[in-house]
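First up is the structure itself, then whatever we jot down about it.
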Amino acid sequence: MSKSASTAAPVSGTNNLEAFWMPFTANRQFKKNPRMFVGAKDMHYTTGDGRQVLDGTAGLWCCNAGHGRPKIVEAVQNQVAELDYAPAFQMGHPKAFELAARLAALMPAPLDHVFFTNSGSESVDTALKIALAYQRAIGQGTRTRLIGRERGYHGVGFGGISVGGIVANRRTFGTMLTGVDHLPHTHDISRNAFTRGEPDHGAEYAEELIRIIQLHDPSTIAAVIVEPVAGSTGVLIPPKGYLKRLRDICDQHGILLIFDEVITGFGRLGTPFATDFFGVTPDLVTTAKGITSGVIPMGAVFCTSDIYQAFMTGPEHMIELFHGYTYSAHPIACAAALATLDTYEEEGLLTRAAELSQYWEDALHSLKDCPHVIDIRNLGLIGAIELEPIAGEPTKRAFSAFLKAYEDGLMIRTTGDIIALSPPLIISKDQIDELFSILRSVLNAID
Ligand SMILES: Cc1ncc(COP(=O)(O)O)c(C=O)c1O
């Protein structure tokens with residue numbers, strides 16, 4: 001097929017928007033009316049037309065330290081000149097080991113081993129594979145089933161969409177992994193609307209795991225994976241006691257529990273990880289995003305010593321786990337992550353959300369009287385505003401809010417008809433006020 005006139009000749013600069021097939025984007029809408037960022041510093045993006053846009057979402061839940069932070073910038077610049085790349089297969093470089101040790105020290109014991117990846121999706125696939133291989137290593141090879149949850153988001157790999165539960169992310173991609181079942185989601189506006197913090201109702205949804213276990217028999221189930229706070233589906237805060245109950249049921253039946261902390265990791269709830277916040281320790285934790293404050297792609301899977309040690313058998317010259325990525329523990333990502341951890345520590349960012357969360361909660365819930373709002377929910381520095389969908393046109397109202405907010409100098413994120421907020425952890429109280437004042441006028445302006 002011949003190329004159309006508009007794409008046949010190379011076009012330089014940003015005039016040709018056609019070639020880039022944008023991810024999770026309404027491509028035709030965007031390309032008619034593009035929204036371009038050309039710079040970022042601290043809490044703000046700079047647009048192509050020179051405007052400042054307040055970052056209400058830490059990029060995509062990742063720039064936890066804000067933008068253009070000097071220590072991270074410098075670390076990346078120095079690393080690329082010093083050691084640009086080193087393989088992590090059968091070779092090492094010092095920063096990979098330093099980073100793993102620092103991460104392990106940050107995560108509650110016994111989650112003291114770290115496997116590096118390049119994204120949240122890869123972390124999820126890695127954790128699922130480790131769970132399956134671990135069960136086999138300990139003589140439980142019949143445990144091959146994986147349990148996810150409705151409305152769960154675990155990235156876009158085939159493992160992640162199989163255990164994930166967002167219909168649009170699944171329906172066009174065939175049969176995915178077999179042997180997967182799903183818990184029900186816990187979202188229940190009829191009982192929990194406008195809850196501040198953890199909802200009172202819904203811990204009983206954890207009992208569904210028993211039903212699934214009885215259906216399949218525990219000897220067939222390897223692992224359960226959930227987001228402690230579900231983010232991408234529109235912020236679902238776990239009901240009080242729910243996660244603890246999942247942990248207990250998994251323990252009773254020899255099932256591994258995986259927390260997907262790709263968004264909750266690195267200070268989002270006011271503790272380093274959600275596992276600290278909820279006081280529930282899983283067997284594996286997936287992370288990414290905030291590990292480098294979004295500066296360089298990186299992910300990390302944490303597992304317990306027991307899991308790691310189960311693989312450390314057989315002849316010493318043999319590879320123990322046939323899994324890894326060309327860019328696992330990439331030197332530049334390791335340097336970025338070490339500088340990010342320094343920045344978090346120096347500025348107390350991993351606990352800052354705890355100091356701000358009450359102020360954040362009050363400001364967020366002050367929008368209760370705005371038009372179309374049917375629920376508001378929050379935890380740590382996460383907030384969600386659920387809007388009544390326009391009849392017959394789901395997602396349109398929230399998307400209008402997104403476009404209007406961008407025009408008015410604020411970046412928000414929308415999923416379905418839900419506005420999700422997760423600003424960088426450096427946000428000031430004045431900026432929280434500014435964020436919600438813009439959002440109030442946006443909600444008053446849209447249809
Ligand atoms: C809980 C969770 N898991 C996995 C992912 C996928 O991460 P990535 O986009 O880096 O592959 C995300 C991304 O938003 C996420 O929120």
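Identifiers in this document derive from the order of the structure tokens: chains are assigned A, B, ..., residues are numbered from 1 separately in each chain, and ligands are numbered from 1 in order of occurrence.
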
- Message: Considering only alpha helix (DSSP H) as DSSP defines it on the backbone, what residues of range 156-374 of chain A qualify? List them as a count of residues only.
- Response: 80

What do you get as a JSON list (two decimals) with C-alpha atoms, in the first residue's frame if you pick all residues at most 10 Å from ligand 1, counting only C-alpha atoms and all ligand atoms?
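Output file result34.json follows:
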```
[["chain", "number", "residue", "atom", "x", "y", "z"],
["A", 60, "LEU", "CA", 1.75, 9.04, 35.70],
["A", 61, "TRP", "CA", 1.96, 8.45, 39.48],
["A", 62, "CYS", "CA", 5.74, 8.33, 39.19],
["A", 117, "THR", "CA", 13.02, -4.88, 35.88],
["A", 118, "ASN", "CA", 12.28, -1.84, 33.72],
["A", 119, "SER", "CA", 8.61, -1.14, 34.35],
["A", 120, "GLY", "CA", 5.60, -2.03, 36.42],
["A", 121, "SER", "CA", 4.35, -4.45, 33.78],
["A", 122, "GLU", "CA", 7.65, -6.31, 33.82],
["A", 123, "SER", "CA", 7.63, -6.33, 37.62],
["A", 124, "VAL", "CA", 4.21, -7.98, 37.57],
["A", 125, "ASP", "CA", 5.22, -10.62, 35.04],
["A", 152, "GLY", "CA", -7.27, -4.56, 39.07],
["A", 153, "TYR", "CA", -4.55, -2.94, 36.96],
["A", 154, "HIS", "CA", -1.26, -4.75, 36.73],
["A", 155, "GLY", "CA", 0.18, -3.25, 33.58],
["A", 156, "VAL", "CA", -0.15, -4.41, 30.03],
["A", 157, "GLY", "CA", 1.91, -7.60, 29.66],
["A", 160, "GLY", "CA", -0.68, -8.41, 33.95],
["A", 161, "ILE", "CA", -3.81, -8.22, 31.80],
["A", 164, "GLY", "CA", -5.96, -7.59, 35.86],
["A", 226, "VAL", "CA", -3.82, -7.26, 44.35],
["A", 227, "GLU", "CA", -2.99, -3.58, 44.43],
["A", 228, "PRO", "CA", -3.20, -2.53, 48.11],
["A", 229, "VAL", "CA", -4.88, 0.65, 46.83],
["A", 230, "ALA", "CA", -6.13, 0.19, 43.27],
["A", 231, "GLY", "CA", -5.06, 3.25, 41.31],
["A", 232, "SER", "CA", -5.57, 3.10, 37.58],
["A", 233, "THR", "CA", -9.11, 1.80, 37.86],
["A", 259, "PHE", "CA", 1.11, -6.71, 46.54],
["A", 260, "ASP", "CA", 1.40, -4.62, 43.40],
["A", 261, "GLU", "CA", 2.89, -1.43, 44.85],
["A", 262, "VAL", "CA", 3.75, 0.19, 41.52],
["A", 263, "ILE", "CA", 1.82, 3.30, 42.57],
["A", 264, "THR", "CA", 1.68, 2.93, 46.36],
["A", 265, "GLY", "CA", 5.44, 2.36, 46.70],
["A", 286, "THR", "CA", 6.11, -5.28, 42.74],
["A", 287, "THR", "CA", 7.38, -1.72, 42.32],
["A", 288, "ALA", "CA", 8.44, 0.71, 39.55],
["A", 289, "LYS", "CA", 7.60, 4.40, 38.89],
["A", 294, "GLY", "CA", 10.02, 8.55, 36.93],
["A", 297, "PRO", "CA", 12.47, 3.45, 33.47],
["A", 298, "MET", "CA", 13.04, 0.95, 36.26],
["A", 299, "GLY", "CA", 11.11, -1.57, 38.34]]
```

- Selection: 8 Å around range 413-430 of chain A, only C-alpha atoms, excl. self and same-chain fewer than 5 positions, as a PyMOL selection string: chain A and resi 42-43+55-58+61+63-66+231-235+267-268+349+352-353+356+359+381-389+394-399+402

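Among the residues of range 376-440 of chain A, backbone DSSP assigns strand (DSSP E or B) to Ile376, Arg377, Asn378, Leu379, Ile382, Gly383, Ala384, Ile385, Glu386, Leu387, Ile390, Glu393, Leu410, Met411, Arg413, Thr414, Thr415, Ile418, Ile419, Ala420 and Leu421 of chain A.
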
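Distance check against Gly409 in chain A using only C-alpha atoms: of A:Ala363, A:Ile438, A:Arg102, A:Ile432, the minimum falls on A:Ile438.
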
Distance table requested - range 267-350 of chain A against range 78-88 of chain A, cut-off 12 Å, only C-alpha atoms: one row per qualifying residue with the closest atom pair and its distance in Å to one decimal, ordered by chain and rising residue number, as a tab-separated table.
```
residue	atom	partner	partner_atom	distance
A:Ile296	CA	A:Val80	CA	11.9
A:His323	CA	A:Ala88	CA	11.4
A:Gly324	CA	A:Ala88	CA	8.4
A:Tyr325	CA	A:Ala88	CA	8.3
A:Thr326	CA	A:Pro87	CA	6.8
A:Tyr327	CA	A:Pro87	CA	7.5
A:Ser328	CA	A:Ala88	CA	6.3
A:Ala329	CA	A:Ala88	CA	6.5
A:His330	CA	A:Tyr85	CA	6.4
A:Pro331	CA	A:Tyr85	CA	5.9
A:Ile332	CA	A:Gln79	CA	5.7
A:Ala333	CA	A:Gln79	CA	9.1
A:Cys334	CA	A:Gln79	CA	9.1
A:Ala335	CA	A:Gln79	CA	6.5
A:Ala336	CA	A:Gln79	CA	8.6
A:Ala337	CA	A:Gln79	CA	11.6
A:Leu338	CA	A:Gln79	CA	11.3
A:Ala339	CA	A:Gln79	CA	11.1
```

With C-alpha atoms retained, could you export that selection as a PDB file, in the first residue's frame?
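Contents of the output file selection-v4.pdb:
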```pdb
ATOM      1  CA  ILE A 296      14.579   6.577  34.039  1.00  0.00           C
ATOM      2  CA  HIS A 323      14.369 -14.891  33.754  1.00  0.00           C
ATOM      3  CA  GLY A 324      15.783 -11.383  33.334  1.00  0.00           C
ATOM      4  CA  TYR A 325      15.919  -8.368  31.034  1.00  0.00           C
ATOM      5  CA  THR A 326      18.763  -6.879  29.003  1.00  0.00           C
ATOM      6  CA  TYR A 327      18.222  -3.717  31.007  1.00  0.00           C
ATOM      7  CA  SER A 328      17.714  -5.270  34.464  1.00  0.00           C
ATOM      8  CA  ALA A 329      19.759  -3.137  36.900  1.00  0.00           C
ATOM      9  CA  HIS A 330      20.773  -0.740  34.109  1.00  0.00           C
ATOM     10  CA  PRO A 331      23.608   1.425  35.512  1.00  0.00           C
ATOM     11  CA  ILE A 332      21.871   4.716  34.674  1.00  0.00           C
ATOM     12  CA  ALA A 333      18.620   3.534  36.273  1.00  0.00           C
ATOM     13  CA  CYS A 334      20.554   2.389  39.362  1.00  0.00           C
ATOM     14  CA  ALA A 335      22.292   5.769  39.611  1.00  0.00           C
ATOM     15  CA  ALA A 336      18.947   7.557  39.209  1.00  0.00           C
ATOM     16  CA  ALA A 337      17.339   5.347  41.858  1.00  0.00           C
ATOM     17  CA  LEU A 338      20.170   5.866  44.379  1.00  0.00           C
ATOM     18  CA  ALA A 339      19.958   9.643  43.917  1.00  0.00           C
TER      19      ALA A 339
END
```

- Query: range 182-194 of chain A: which residues within 7 Å, counting only C-alpha atoms, same-chain residues fewer than 4 positions away excluded, as number ranges by chain?
  - Reply: A: 147-151, 199, 201-202, 205, 208-209, 236, 238, 375-377

Save out the residues we just selected, N, CA and C atoms, as a PDB file, in the first residue's frame.
```pdb
ATOM      1  N   ILE A 147      -4.614 -15.787  40.979  1.00  0.00           N
ATOM      2  CA  ILE A 147      -5.877 -15.098  41.287  1.00  0.00           C
ATOM      3  C   ILE A 147      -5.625 -13.590  41.285  1.00  0.00           C
ATOM      4  N   GLY A 148      -6.355 -12.876  40.452  1.00  0.00           N
ATOM      5  CA  GLY A 148      -6.302 -11.409  40.444  1.00  0.00           C
ATOM      6  C   GLY A 148      -7.610 -10.858  40.988  1.00  0.00           C
ATOM      7  N   ARG A 149      -7.974  -9.659  40.512  1.00  0.00           N
ATOM      8  CA  ARG A 149      -9.190  -9.041  41.040  1.00  0.00           C
ATOM      9  C   ARG A 149      -9.850  -8.201  39.947  1.00  0.00           C
ATOM     10  N   GLU A 150     -11.159  -8.203  39.959  1.00  0.00           N
ATOM     11  CA  GLU A 150     -11.898  -7.314  39.060  1.00  0.00           C
ATOM     12  C   GLU A 150     -11.413  -5.879  39.271  1.00  0.00           C
ATOM     13  N   ARG A 151     -11.329  -5.151  38.218  1.00  0.00           N
ATOM     14  CA  ARG A 151     -10.887  -3.744  38.213  1.00  0.00           C
ATOM     15  C   ARG A 151      -9.418  -3.576  38.585  1.00  0.00           C
ATOM     16  N   PRO A 199     -12.630   2.719  53.854  1.00  0.00           N
ATOM     17  CA  PRO A 199     -14.068   2.529  54.050  1.00  0.00           C
ATOM     18  C   PRO A 199     -14.390   1.510  55.141  1.00  0.00           C
ATOM     19  N   HIS A 201     -17.104  -0.433  55.107  1.00  0.00           N
ATOM     20  CA  HIS A 201     -17.830  -1.601  54.592  1.00  0.00           C
ATOM     21  C   HIS A 201     -17.062  -2.304  53.469  1.00  0.00           C
ATOM     22  N   GLY A 202     -17.067  -3.621  53.504  1.00  0.00           N
ATOM     23  CA  GLY A 202     -16.546  -4.367  52.356  1.00  0.00           C
ATOM     24  C   GLY A 202     -15.468  -5.378  52.683  1.00  0.00           C
ATOM     25  N   TYR A 205     -15.651  -8.863  51.239  1.00  0.00           N
ATOM     26  CA  TYR A 205     -15.302  -9.275  49.865  1.00  0.00           C
ATOM     27  C   TYR A 205     -14.092 -10.208  49.859  1.00  0.00           C
ATOM     28  N   GLU A 208     -14.605 -14.008  49.473  1.00  0.00           N
ATOM     29  CA  GLU A 208     -14.764 -14.603  48.137  1.00  0.00           C
ATOM     30  C   GLU A 208     -13.556 -15.455  47.762  1.00  0.00           C
ATOM     31  N   LEU A 209     -12.412 -15.123  48.370  1.00  0.00           N
ATOM     32  CA  LEU A 209     -11.224 -15.928  48.084  1.00  0.00           C
ATOM     33  C   LEU A 209     -11.448 -17.369  48.550  1.00  0.00           C
ATOM     34  N   LEU A 236      -9.458   2.828  44.286  1.00  0.00           N
ATOM     35  CA  LEU A 236     -10.334   2.065  45.183  1.00  0.00           C
ATOM     36  C   LEU A 236      -9.546   1.790  46.460  1.00  0.00           C
ATOM     37  N   PRO A 238      -8.896   0.120  50.006  1.00  0.00           N
ATOM     38  CA  PRO A 238      -9.370  -1.159  50.554  1.00  0.00           C
ATOM     39  C   PRO A 238     -10.205  -0.954  51.822  1.00  0.00           C
ATOM     40  N   ASP A 375     -19.053  10.735  44.310  1.00  0.00           N
ATOM     41  CA  ASP A 375     -18.226  10.178  45.390  1.00  0.00           C
ATOM     42  C   ASP A 375     -16.880  10.896  45.405  1.00  0.00           C
ATOM     43  N   ILE A 376     -16.326  10.977  46.601  1.00  0.00           N
ATOM     44  CA  ILE A 376     -14.953  11.465  46.769  1.00  0.00           C
ATOM     45  C   ILE A 376     -14.286  10.505  47.741  1.00  0.00           C
ATOM     46  N   ARG A 377     -13.043  10.127  47.447  1.00  0.00           N
ATOM     47  CA  ARG A 377     -12.328   9.199  48.334  1.00  0.00           C
ATOM     48  C   ARG A 377     -10.848   9.546  48.347  1.00  0.00           C
TER      49      ARG A 377
END
```
